[in-house]
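See structure below.
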Amino acid sequence: MSDFNLTYVQIGDLGNKIGGQEGAKGILSGERIVVSRNDPRATGVVLNFERKVAVASRRFVASESFTKSNSKVKFGYIDEKVVKLFGKGQDVPFGELAVNTLLLPKHDPEILVALGPQSRRFIKLGQFYQLIEAQGHSQKGPLLVNGYANIAFILDENGAPWAVRARWCPDYGGWGVDVCSVASLGEWVAGHRVLSQVA
């Protein structure tokens with residue numbers, strides 16, 4: 001027996017706040033939910049900043065790094081679009097990336113808006129690769145290695161935006177990396193990691 005007792009007045013007030021009898025039916029049936037004020041669903045907060053990660057300045061060539069013959073990273077699957085879209089070599093600048101957790105299920109455009117100004121939204125493929133390489137055999141680090149996705153928004157050689165997903169998955173036999181259009185109708189679930197520039 002609960003030691004929490006409500007008066008008839010409090011029960012009436014509670015009923016009014018949840019929408020009366022119809023509101024109570026909705027809660028009991030699961031059609032409506034009650035959330036606390038700091039719950040992301042109530043606040044609308046999309047991303048939670050977790051930490052900063054430094055990336056080194058170096059030359060990067062996608063075809064040399066994103067290959068199953070790479071001994072530093074156990075790749076199980078590599079989307080052919082990785083090399084096709086980002087195949088030219090690039091100089092990766094020194095900098096810091098922000099590691100964020102997605103708090104709500106969202107589509108790419110909504111996540112891009114939540115990341116803030118244009119200067120923060122996109123990272124280089126070579127920067128993303130450095131983080132993957134540091135956890136190349138599922139070591140602990142800023143990227144998730146529990147099957148959830150690590151997402152980076154990256155501009156291809158023509159300046160078009162793409163969502164690049166890296167996921168450690170035993171079914172792939174290691175890291176699976178694929179490229180998705182930011183216009184995709186798919187929705188990312190809460191719990192994924194999203195990378196961005198710090199500033």
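Simple scheme: letters A, B, ... for chains in structure tokens order, numbers from 1 for residues in each chain, numbers from 1 for ligands in the order shown.
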Any idea what's packed within 9 Å of region 111-113 of chain A, counting only C-alpha atoms, ignoring anything in its chain fewer than 3 positions away? Could you give it as a PDB file with C-alpha atoms, in the first residue's frame?
```pdb
ATOM      1  CA  VAL A  46      17.751  18.055 -29.569  1.00  0.00           C
ATOM      2  CA  LEU A  47      21.447  17.590 -28.749  1.00  0.00           C
ATOM      3  CA  LEU A 102      20.990  13.005 -29.986  1.00  0.00           C
ATOM      4  CA  LYS A 106      15.092  13.636 -35.629  1.00  0.00           C
ATOM      5  CA  HIS A 107      15.689  13.927 -39.378  1.00  0.00           C
ATOM      6  CA  ASP A 108      18.928  15.341 -40.801  1.00  0.00           C
ATOM      7  CA  GLY A 116      23.801  25.935 -34.983  1.00  0.00           C
ATOM      8  CA  PRO A 117      25.661  28.119 -37.489  1.00  0.00           C
ATOM      9  CA  GLN A 118      26.917  26.746 -40.800  1.00  0.00           C
ATOM     10  CA  ARG A 121      27.604  21.814 -38.901  1.00  0.00           C
ATOM     11  CA  PHE A 122      30.152  20.156 -41.168  1.00  0.00           C
ATOM     12  CA  PHE A 153      27.700  15.806 -41.753  1.00  0.00           C
ATOM     13  CA  VAL A 194      26.536  13.546 -33.708  1.00  0.00           C
TER      14      VAL A 194
END
```
Residues within 12 Å of Arg167 (chain A), only C-alpha atoms, excluding chain neighbours under 2 positions, as a PyMOL selection string: chain A and resi 74-78+132+135-138+143-152+164-165+169-179+192-193
Output C-alpha atoms for every residue in the selection just made, as a tab-separated table (two decimals), in the first residue's frame.
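New file again10.tsv:
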```
chain	number	residue	atom	x	y	z
A	74	LYS	CA	38.72	-3.28	-38.66
A	75	PHE	CA	36.27	-2.38	-41.40
A	76	GLY	CA	33.42	-4.78	-42.05
A	77	TYR	CA	31.56	-2.66	-44.56
A	78	ILE	CA	32.49	0.47	-46.52
A	132	ILE	CA	37.42	5.95	-36.11
A	135	GLN	CA	38.92	3.21	-31.89
A	136	GLY	CA	39.72	1.01	-34.85
A	137	HIS	CA	39.16	-2.27	-32.99
A	138	SER	CA	36.26	-1.07	-30.79
A	143	LEU	CA	32.59	7.27	-30.55
A	144	LEU	CA	29.92	4.75	-29.64
A	145	VAL	CA	30.87	1.10	-30.11
A	146	ASN	CA	27.57	-0.36	-28.89
A	147	GLY	CA	25.87	-0.63	-32.27
A	148	TYR	CA	24.49	2.91	-32.23
A	149	ALA	CA	25.50	5.27	-35.02
A	150	ASN	CA	28.12	7.99	-34.98
A	151	ILE	CA	26.98	10.62	-37.48
A	152	ALA	CA	28.98	13.32	-39.21
A	164	VAL	CA	28.17	9.79	-43.02
A	165	ARG	CA	27.42	7.07	-40.48
A	169	CYS	CA	28.63	-3.79	-35.52
A	170	PRO	CA	29.56	-7.45	-35.04
A	171	ASP	CA	27.19	-8.29	-37.94
A	172	TYR	CA	29.48	-6.23	-40.20
A	173	GLY	CA	32.56	-7.78	-38.65
A	174	GLY	CA	33.77	-4.40	-37.46
A	175	TRP	CA	33.12	-0.80	-38.47
A	176	GLY	CA	30.39	-0.26	-41.02
A	177	VAL	CA	30.50	3.09	-42.80
A	178	ASP	CA	27.82	4.36	-45.13
A	179	VAL	CA	26.74	7.61	-46.73
A	192	HIS	CA	23.15	8.29	-31.54
A	193	ARG	CA	26.27	10.47	-31.50
```
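Of the residues under consideration (A:Val55, A:Val73, A:Ala62, A:Val189), A:Val73 shows the shortest atom-to-atom contact distance to Gln139 (chain A) when counting only C-alpha atoms.
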Strand (DSSP E or B) residues, from DSSP on the backbone, in chain A, as a PyMOL selection string: chain A and resi 47-55+58-60+75-78+90-92+95-102+106+150-155+161-169+174-181+188+193-197
With a distance cut-off of 12 Å and only C-alpha atoms, select the neighbouring residues of Cys180 (chain A), excluding the residue or stretch itself and same-chain residues fewer than 4 positions from it, and output the selection as a tab-separated table (two decimals) with N, CA and C atoms, in the first residue's frame.
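Result file follows (part_14.tsv):
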```
chain	number	residue	atom	x	y	z
A	79	ASP	N	30.75	1.71	-47.62
A	79	ASP	CA	29.91	2.16	-48.73
A	79	ASP	C	30.81	2.68	-49.85
A	80	GLU	N	30.55	2.26	-51.08
A	80	GLU	CA	31.38	2.70	-52.21
A	80	GLU	C	31.31	4.22	-52.42
A	81	LYS	N	30.25	4.85	-51.90
A	81	LYS	CA	30.12	6.31	-52.04
A	81	LYS	C	31.16	7.07	-51.23
A	82	VAL	N	31.77	6.42	-50.22
A	82	VAL	CA	32.79	7.10	-49.41
A	82	VAL	C	33.92	7.58	-50.30
A	85	LEU	N	32.55	9.97	-53.44
A	85	LEU	CA	32.20	11.36	-53.11
A	85	LEU	C	33.33	12.15	-52.47
A	107	HIS	N	15.18	14.05	-38.01
A	107	HIS	CA	15.69	13.93	-39.38
A	107	HIS	C	16.92	14.82	-39.53
A	108	ASP	N	17.69	14.58	-40.58
A	108	ASP	CA	18.93	15.34	-40.80
A	108	ASP	C	18.74	16.86	-40.77
A	151	ILE	N	27.38	9.92	-36.26
A	151	ILE	CA	26.98	10.62	-37.48
A	151	ILE	C	27.80	11.89	-37.65
A	152	ALA	N	28.27	12.09	-38.87
A	152	ALA	CA	28.98	13.32	-39.21
A	152	ALA	C	28.38	13.87	-40.50
A	153	PHE	N	28.17	15.16	-40.53
A	153	PHE	CA	27.70	15.81	-41.75
A	153	PHE	C	28.93	16.35	-42.48
A	154	ILE	N	29.08	15.93	-43.74
A	154	ILE	CA	30.30	16.21	-44.49
A	154	ILE	C	29.93	16.69	-45.89
A	155	LEU	N	30.64	17.72	-46.36
A	155	LEU	CA	30.44	18.22	-47.72
A	155	LEU	C	31.31	17.44	-48.68
A	156	ASP	N	30.71	17.02	-49.80
A	156	ASP	CA	31.50	16.29	-50.78
A	156	ASP	C	32.36	17.26	-51.61
A	160	ALA	N	28.19	19.46	-51.82
A	160	ALA	CA	26.88	18.93	-51.43
A	160	ALA	C	26.99	18.24	-50.06
A	161	PRO	N	25.98	18.42	-49.19
A	161	PRO	CA	26.03	17.83	-47.85
A	161	PRO	C	25.56	16.37	-47.83
A	162	TRP	N	26.23	15.57	-47.01
A	162	TRP	CA	25.88	14.16	-46.81
A	162	TRP	C	25.99	13.82	-45.33
A	163	ALA	N	25.22	12.83	-44.92
A	163	ALA	CA	25.35	12.28	-43.57
A	163	ALA	C	26.18	11.01	-43.70
A	164	VAL	N	27.31	10.98	-43.00
A	164	VAL	CA	28.17	9.79	-43.02
A	164	VAL	C	28.03	9.11	-41.67
A	165	ARG	N	27.67	7.84	-41.71
A	165	ARG	CA	27.42	7.07	-40.48
A	165	ARG	C	28.49	6.01	-40.31
A	166	ALA	N	29.07	5.97	-39.12
A	166	ALA	CA	30.01	4.91	-38.77
A	166	ALA	C	29.44	4.18	-37.56
A	184	SER	N	17.11	12.35	-46.99
A	184	SER	CA	16.48	11.06	-46.72
A	184	SER	C	15.30	11.23	-45.77
A	185	LEU	N	14.28	10.41	-45.94
A	185	LEU	CA	13.12	10.47	-45.07
A	185	LEU	C	13.34	9.71	-43.77
A	186	GLY	N	14.48	9.01	-43.67
A	186	GLY	CA	14.77	8.26	-42.46
A	186	GLY	C	15.01	9.16	-41.27
A	187	GLU	N	14.64	8.67	-40.11
A	187	GLU	CA	14.79	9.43	-38.86
A	187	GLU	C	15.82	8.73	-37.98
A	188	TRP	N	16.76	9.50	-37.44
A	188	TRP	CA	17.74	8.95	-36.51
A	188	TRP	C	17.09	8.82	-35.14
```
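Note that CA of Thr101 (chain A) and CA of Ser65 (chain A) are 26.1 Å apart.
Taking CA of Ser57 (chain A) and CA of Lys84 (chain A) as the two end points, the separation is 23.1 Å.
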Determine which residues of chain A receive a DSSP assignment of alpha helix (DSSP H), computed from the backbone, and state them as a ChimeraX atom specification. /A:8-17,20-29,40-43,62-65,81-86,108-115,118-121,125-134
Could you write out the selected residues, including C-alpha atoms, as an mmCIF file, in the first residue's frame?
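again08.cif was written with the following content:
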```cif
data_model
loop_
_atom_site.group_PDB
_atom_site.id
_atom_site.type_symbol
_atom_site.label_atom_id
_atom_site.label_comp_id
_atom_site.auth_asym_id
_atom_site.auth_seq_id
_atom_site.Cartn_x
_atom_site.Cartn_y
_atom_site.Cartn_z
ATOM 1 C CA TYR A 8 -10.215 14.898 -3.321
ATOM 2 C CA VAL A 9 -9.261 18.483 -4.188
ATOM 3 C CA GLN A 10 -5.796 17.396 -5.345
ATOM 4 C CA ILE A 11 -7.290 14.581 -7.419
ATOM 5 C CA GLY A 12 -9.646 17.094 -9.024
ATOM 6 C CA ASP A 13 -6.756 19.471 -9.773
ATOM 7 C CA LEU A 14 -4.728 16.625 -11.248
ATOM 8 C CA GLY A 15 -7.646 15.574 -13.424
ATOM 9 C CA ASN A 16 -8.023 19.112 -14.757
ATOM 10 C CA LYS A 17 -4.307 19.362 -15.570
ATOM 11 C CA GLY A 20 -10.148 15.430 -17.466
ATOM 12 C CA GLN A 21 -11.560 12.004 -18.162
ATOM 13 C CA GLU A 22 -10.393 11.965 -21.801
ATOM 14 C CA GLY A 23 -6.866 12.955 -20.762
ATOM 15 C CA ALA A 24 -6.779 10.204 -18.134
ATOM 16 C CA LYS A 25 -7.955 7.630 -20.695
ATOM 17 C CA GLY A 26 -5.208 8.758 -23.065
ATOM 18 C CA ILE A 27 -2.540 8.323 -20.389
ATOM 19 C CA LEU A 28 -3.840 4.919 -19.330
ATOM 20 C CA SER A 29 -3.999 3.707 -22.938
ATOM 21 C CA PRO A 40 13.981 16.604 -23.852
ATOM 22 C CA ARG A 41 10.480 15.918 -25.163
ATOM 23 C CA ALA A 42 9.183 18.842 -23.109
ATOM 24 C CA THR A 43 12.131 21.208 -23.561
ATOM 25 C CA ALA A 62 39.897 8.422 -48.459
ATOM 26 C CA SER A 63 40.875 5.496 -50.724
ATOM 27 C CA GLU A 64 43.987 4.798 -48.632
ATOM 28 C CA SER A 65 42.185 4.886 -45.289
ATOM 29 C CA LYS A 81 30.119 6.311 -52.043
ATOM 30 C CA VAL A 82 32.785 7.103 -49.410
ATOM 31 C CA VAL A 83 35.565 7.044 -52.005
ATOM 32 C CA LYS A 84 33.352 8.181 -54.892
ATOM 33 C CA LEU A 85 32.200 11.361 -53.112
ATOM 34 C CA PHE A 86 35.251 12.132 -50.975
ATOM 35 C CA ASP A 108 18.928 15.341 -40.801
ATOM 36 C CA PRO A 109 17.634 18.887 -41.486
ATOM 37 C CA GLU A 110 16.407 19.203 -37.887
ATOM 38 C CA ILE A 111 19.762 18.023 -36.528
ATOM 39 C CA LEU A 112 21.640 20.434 -38.785
ATOM 40 C CA VAL A 113 19.560 23.325 -37.456
ATOM 41 C CA ALA A 114 20.181 22.167 -33.871
ATOM 42 C CA LEU A 115 23.949 22.186 -34.499
ATOM 43 C CA GLN A 118 26.917 26.746 -40.800
ATOM 44 C CA SER A 119 30.511 26.871 -39.525
ATOM 45 C CA ARG A 120 29.720 24.213 -36.886
ATOM 46 C CA ARG A 121 27.604 21.814 -38.901
ATOM 47 C CA LEU A 125 35.977 13.130 -43.608
ATOM 48 C CA GLY A 126 39.623 13.043 -42.534
ATOM 49 C CA GLN A 127 38.652 14.346 -39.097
ATOM 50 C CA PHE A 128 35.964 11.684 -38.756
ATOM 51 C CA TYR A 129 38.439 9.032 -39.866
ATOM 52 C CA GLN A 130 40.909 10.028 -37.118
ATOM 53 C CA LEU A 131 38.293 9.262 -34.463
ATOM 54 C CA ILE A 132 37.425 5.948 -36.114
ATOM 55 C CA GLU A 133 41.104 5.012 -36.344
ATOM 56 C CA ALA A 134 41.647 5.766 -32.638
#
```
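Take CA of Glu157 (chain A) and CA of Pro142 (chain A): the distance between them is 26.8 Å.
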Neighbouring residues of Gly89 (chain A) were defined as those with any atom within 8 Å, considering only C-alpha atoms; residues of the same chain fewer than 5 positions away were excluded. Please report them as number ranges by chain. A: 59-62
With C-alpha atoms retained, could you export that selection as an mmCIF file, in the first residue's frame?
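again25.cif, freshly written:
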```
data_model
loop_
_atom_site.group_PDB
_atom_site.id
_atom_site.type_symbol
_atom_site.label_atom_id
_atom_site.label_comp_id
_atom_site.auth_asym_id
_atom_site.auth_seq_id
_atom_site.Cartn_x
_atom_site.Cartn_y
_atom_site.Cartn_z
ATOM 1 C CA ARG A 59 47.127 14.735 -45.191
ATOM 2 C CA PHE A 60 44.192 12.394 -45.770
ATOM 3 C CA VAL A 61 43.216 10.281 -48.786
ATOM 4 C CA ALA A 62 39.897 8.422 -48.459
#
```
Contacts of Glu96 (chain A) within 7 Å, only C-alpha atoms, excl. fewer than 4 positions in-chain, as a PyMOL selection string: chain A and resi 52-55+197-198
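Shortest atom-to-atom contact with Lys88 (chain A) among A:Asn158, A:Val182, A:Arg58, A:Gly191: A:Asn158, counting only C-alpha atoms.
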